[in-house]
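Working notes for the structure below.
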Amino acid sequence: LLKDSPRCLAVLNKVAEMSKWEEKVEGKFKGIAIHESFGSIVGEVAEISLTGKNIKVEKVFCVIDCGKIVNPRIIESQMQSGIVYGLTAALYGEITLKEGKIVQTNFPNYQMVMMSTMPHVEVQIIESEEHPGGVGEPGTPPIAPALTNAIFAASGERIRKLPLSNQGYQFV
């Protein structure tokens, strides 16, 4: 499907290689996703363990092709923070109303992934001569589909609605 998109194919192949996609480990399940935005391509693999509806995201592998590299440490940090934000959205991301007012008015009452449940994140940057692309947002979109694909691999259940917490899932 990606024969006409060599950059996308390179990212997908690299994240599959990095995560040892073909290697099966008992009790661990992987999901993969790729996304292109802001001139950058990001591929992610979520590796999870699942007990009932308790999800432990063991590790996230991330590969980005953002064109010419300006500051690799910022790129890595942005991918990691985008993954935190995307995992938060996947599990908890909901804005609710009570008596006509928004309950989640700011971060103190907006549940987020905490350090205790945050997985280890590995980031690799593909060397490229393309024009520089964005690194602030592109790390967020692929993590929810990678996570839900891992849940499917573990349970056979296709997730069609987020947040996962509304379906009884929780991070452990």
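Order determines the names: the first chain of the structure tokens is A, the second B, and so forth; residues in each chain are numbered 1 upward, and ligands are numbered 1 upward as they are shown.
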
request  = Would you list the contacts of A:Gln124 as a list of chain:residue names, taking every protein, DNA or RNA residue within 9 Å and counting only C-alpha atoms, but skipping same-chain residues closer than 5 positions in sequence?
outcome  = A:Lys14, A:Val15, A:Met18, A:Phe61, A:Cys62, A:Val63, A:Ile64, A:Asp65, A:Glu76

request  = Check stretch 14-167 of chain A with DSSP on the backbone and list each residue it calls helix (DSSP H, G or I), as a count of residues only.
outcome  = 49

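In this comparison, which uses only C-alpha atoms, the residue of A:Val45, A:Leu1, A:Ile74, A:Ile32 approaching A:Ile125 most closely is A:Ile74.
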
task = Write out as a ChimeraX atom specification all residues of chain A that backbone DSSP assigns to strand (DSSP E or B).
result = /A:29-37,40-51,54-65,97-98,101-102,120-125,170-171

message = What's around A:Gly43 at 12 Å? Count only C-alpha atoms, leave out sequence neighbours fewer than 3 positions away in its own chain, and write the answer as an MDAnalysis selection string.
response = chainID A and resid 7:19 31:37 40 46 60:66 79 83 122:126 138:146

Take the residues from that selection and write them out as a tab-separated table (two decimals), in the first residue's frame, keeping N, CA and C atoms.
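Okay, this is what ended up in again-v4.tsv:
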```tsv
chain	number	residue	atom	x	y	z
A	7	ARG	N	8.96	7.52	1.71
A	7	ARG	CA	9.27	8.02	3.06
A	7	ARG	C	8.41	7.30	4.10
A	8	CYS	N	7.12	7.14	3.81
A	8	CYS	CA	6.23	6.43	4.74
A	8	CYS	C	6.69	4.99	4.92
A	9	LEU	N	7.03	4.35	3.83
A	9	LEU	CA	7.47	2.96	3.88
A	9	LEU	C	8.76	2.84	4.70
A	10	ALA	N	9.67	3.78	4.52
A	10	ALA	CA	10.93	3.76	5.29
A	10	ALA	C	10.66	3.90	6.78
A	11	VAL	N	9.73	4.80	7.15
A	11	VAL	CA	9.39	4.98	8.56
A	11	VAL	C	8.74	3.72	9.12
A	12	LEU	N	7.78	3.17	8.38
A	12	LEU	CA	7.10	1.96	8.83
A	12	LEU	C	8.08	0.80	8.99
A	13	ASN	N	8.96	0.61	8.02
A	13	ASN	CA	9.95	-0.46	8.12
A	13	ASN	C	10.90	-0.25	9.28
A	14	LYS	N	11.31	0.99	9.51
A	14	LYS	CA	12.26	1.29	10.59
A	14	LYS	C	11.62	1.05	11.96
A	15	VAL	N	10.38	1.47	12.15
A	15	VAL	CA	9.74	1.26	13.46
A	15	VAL	C	9.45	-0.22	13.68
A	16	ALA	N	9.15	-0.96	12.61
A	16	ALA	CA	8.95	-2.41	12.73
A	16	ALA	C	10.26	-3.09	13.12
A	17	GLU	N	11.34	-2.67	12.49
A	17	GLU	CA	12.67	-3.23	12.81
A	17	GLU	C	13.06	-2.89	14.25
A	18	MET	N	12.90	-1.63	14.61
A	18	MET	CA	13.27	-1.14	15.93
A	18	MET	C	12.53	-1.89	17.04
A	19	SER	N	11.26	-2.17	16.82
A	19	SER	CA	10.42	-2.82	17.83
A	19	SER	C	10.49	-4.35	17.77
A	31	GLY	N	1.02	-3.21	18.65
A	31	GLY	CA	0.18	-2.56	17.66
A	31	GLY	C	1.01	-1.49	16.98
A	32	ILE	N	0.73	-1.25	15.71
A	32	ILE	CA	1.53	-0.31	14.92
A	32	ILE	C	0.62	0.68	14.22
A	33	ALA	N	1.13	1.88	14.02
A	33	ALA	CA	0.39	2.91	13.28
A	33	ALA	C	1.38	3.90	12.69
A	34	ILE	N	0.95	4.57	11.63
A	34	ILE	CA	1.77	5.58	10.97
A	34	ILE	C	0.89	6.77	10.65
A	35	HIS	N	1.49	7.97	10.67
A	35	HIS	CA	0.71	9.18	10.42
A	35	HIS	C	1.62	10.22	9.77
A	36	GLU	N	1.04	10.98	8.87
A	36	GLU	CA	1.78	12.04	8.19
A	36	GLU	C	1.07	13.37	8.43
A	37	SER	N	1.81	14.34	8.96
A	37	SER	CA	1.24	15.68	9.16
A	37	SER	C	2.36	16.70	9.31
A	40	SER	N	5.89	15.97	8.25
A	40	SER	CA	6.64	14.91	8.93
A	40	SER	C	5.85	13.60	8.90
A	46	ALA	N	3.18	0.35	19.88
A	46	ALA	CA	2.90	0.24	21.31
A	46	ALA	C	3.01	-1.23	21.68
A	60	VAL	N	7.01	2.09	24.06
A	60	VAL	CA	6.58	2.69	22.80
A	60	VAL	C	7.82	2.96	21.97
A	61	PHE	N	7.76	2.52	20.73
A	61	PHE	CA	8.83	2.75	19.77
A	61	PHE	C	8.33	3.79	18.78
A	62	CYS	N	9.16	4.78	18.50
A	62	CYS	CA	8.74	5.88	17.64
A	62	CYS	C	9.84	6.20	16.64
A	63	VAL	N	9.45	6.33	15.38
A	63	VAL	CA	10.38	6.75	14.32
A	63	VAL	C	9.76	7.95	13.63
A	64	ILE	N	10.59	8.97	13.41
A	64	ILE	CA	10.11	10.17	12.72
A	64	ILE	C	11.04	10.51	11.57
A	65	ASP	N	10.44	10.89	10.46
A	65	ASP	CA	11.13	11.52	9.35
A	65	ASP	C	10.54	12.92	9.27
A	66	CYS	N	11.30	13.88	9.78
A	66	CYS	CA	10.82	15.26	9.79
A	66	CYS	C	11.65	16.13	8.86
A	79	MET	N	8.57	14.17	20.50
A	79	MET	CA	7.92	12.88	20.24
A	79	MET	C	7.46	12.26	21.56
A	83	ILE	N	3.55	11.58	22.68
A	83	ILE	CA	3.09	10.25	23.06
A	83	ILE	C	2.36	10.29	24.40
A	122	GLU	N	11.24	4.92	23.11
A	122	GLU	CA	12.46	4.99	22.30
A	122	GLU	C	12.13	5.74	21.01
A	123	VAL	N	12.98	6.70	20.68
A	123	VAL	CA	12.76	7.51	19.48
A	123	VAL	C	13.97	7.39	18.56
A	124	GLN	N	13.71	7.18	17.29
A	124	GLN	CA	14.76	7.25	16.28
A	124	GLN	C	14.33	8.26	15.22
A	125	ILE	N	15.31	9.00	14.75
A	125	ILE	CA	15.07	10.02	13.73
A	125	ILE	C	15.73	9.57	12.44
A	126	ILE	N	14.98	9.58	11.36
A	126	ILE	CA	15.51	9.20	10.06
A	126	ILE	C	16.20	10.40	9.42
A	138	PRO	N	3.12	15.98	15.40
A	138	PRO	CA	3.06	14.70	14.71
A	138	PRO	C	3.25	13.44	15.56
A	139	GLY	N	3.81	13.55	16.76
A	139	GLY	CA	3.98	12.38	17.61
A	139	GLY	C	2.71	11.92	18.28
A	140	THR	N	1.69	12.78	18.32
A	140	THR	CA	0.45	12.44	19.04
A	140	THR	C	-0.49	11.51	18.26
A	141	PRO	N	-0.82	11.77	17.00
A	141	PRO	CA	-1.86	10.98	16.34
A	141	PRO	C	-1.64	9.47	16.24
A	142	PRO	N	-0.42	8.96	16.02
A	142	PRO	CA	-0.33	7.51	15.82
A	142	PRO	C	-0.40	6.66	17.09
A	143	ILE	N	-0.30	7.25	18.28
A	143	ILE	CA	-0.23	6.41	19.47
A	143	ILE	C	-1.57	5.76	19.81
A	144	ALA	N	-2.68	6.44	19.65
A	144	ALA	CA	-3.98	5.82	19.95
A	144	ALA	C	-4.25	4.63	19.03
A	145	PRO	N	-4.06	4.75	17.70
A	145	PRO	CA	-4.28	3.56	16.87
A	145	PRO	C	-3.26	2.46	17.14
A	146	ALA	N	-2.01	2.82	17.46
A	146	ALA	CA	-1.02	1.78	17.80
A	146	ALA	C	-1.47	1.04	19.06
```

Can you tell me which residues surround A:His131 at a distance of at most 8 Å, considering only C-alpha atoms, apart from same-chain residues fewer than 5 positions away, and format the answer as a PDB file with all heavy atoms, in the first residue's frame?
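Saved result, around-v6.pdb, follows:
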```pdb
ATOM      1  N   GLY A  39       4.308  18.011   7.356  1.00  0.00           N
ATOM      2  CA  GLY A  39       5.525  17.719   6.616  1.00  0.00           C
ATOM      3  C   GLY A  39       6.391  16.635   7.235  1.00  0.00           C
ATOM      4  O   GLY A  39       7.524  16.417   6.792  1.00  0.00           O
ATOM      5  N   CYS A  66      11.295  13.875   9.780  1.00  0.00           N
ATOM      6  CA  CYS A  66      10.819  15.260   9.794  1.00  0.00           C
ATOM      7  C   CYS A  66      11.654  16.128   8.858  1.00  0.00           C
ATOM      8  O   CYS A  66      11.752  17.342   9.039  1.00  0.00           O
ATOM      9  CB  CYS A  66      10.838  15.823  11.211  1.00  0.00           C
ATOM     10  SG  CYS A  66      12.443  15.779  12.004  1.00  0.00           S
ATOM     11  N   GLY A  67      12.248  15.492   7.850  1.00  0.00           N
ATOM     12  CA  GLY A  67      13.074  16.258   6.934  1.00  0.00           C
ATOM     13  C   GLY A  67      14.418  16.562   7.562  1.00  0.00           C
ATOM     14  O   GLY A  67      14.915  15.812   8.397  1.00  0.00           O
ATOM     15  N   LYS A  68      15.008  17.688   7.142  1.00  0.00           N
ATOM     16  CA  LYS A  68      16.310  18.090   7.688  1.00  0.00           C
ATOM     17  C   LYS A  68      16.220  18.235   9.204  1.00  0.00           C
ATOM     18  O   LYS A  68      15.308  18.861   9.728  1.00  0.00           O
ATOM     19  CB  LYS A  68      16.732  19.424   7.085  1.00  0.00           C
ATOM     20  CG  LYS A  68      17.639  19.280   5.914  1.00  0.00           C
ATOM     21  CD  LYS A  68      18.284  20.627   5.638  1.00  0.00           C
ATOM     22  CE  LYS A  68      18.848  20.760   4.291  1.00  0.00           C
ATOM     23  NZ  LYS A  68      19.558  19.766   3.670  1.00  0.00           N
TER      24      LYS A  68
END
```

key: Nearby residues (only C-alpha atoms) at most 10 Å from A:Ile159, same-chain spacing under 6 positions excluded, as a list in words   = Pro145, Leu147, Thr148, Asn149, Ile151, Phe152 and Gln167 of chain A

remark   = Residue with the minimum atom-to-atom distance to A:Gln170, picked from A:Phe38, A:Leu50, A:Gly136, A:Val25 with only C-alpha atoms counted, is A:Leu50

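Using only C-alpha atoms, the nearest neighbour of A:Thr51 within the list A:Lys161, A:Lys20, A:Lys98, A:Lys28 is A:Lys28.
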
message = With only C-alpha atoms as the counted atoms, please give the residues lying no more than 9 Å from A:Gly27, apart from itself and same-chain residues fewer than 2 positions off, as number ranges by chain.
response = A: 24-25, 29, 48-50, 154

task = Would you mind reading off the distance between atom CA of A:Leu162 and atom CA of A:Glu94, one decimal, in Å?
result = 8.4 Å

10 Å contact set for A:Lys53, only C-alpha atoms, chain neighbours under 4 positions out, as number ranges by chain = A: 151, 155, 164-165, 167-172
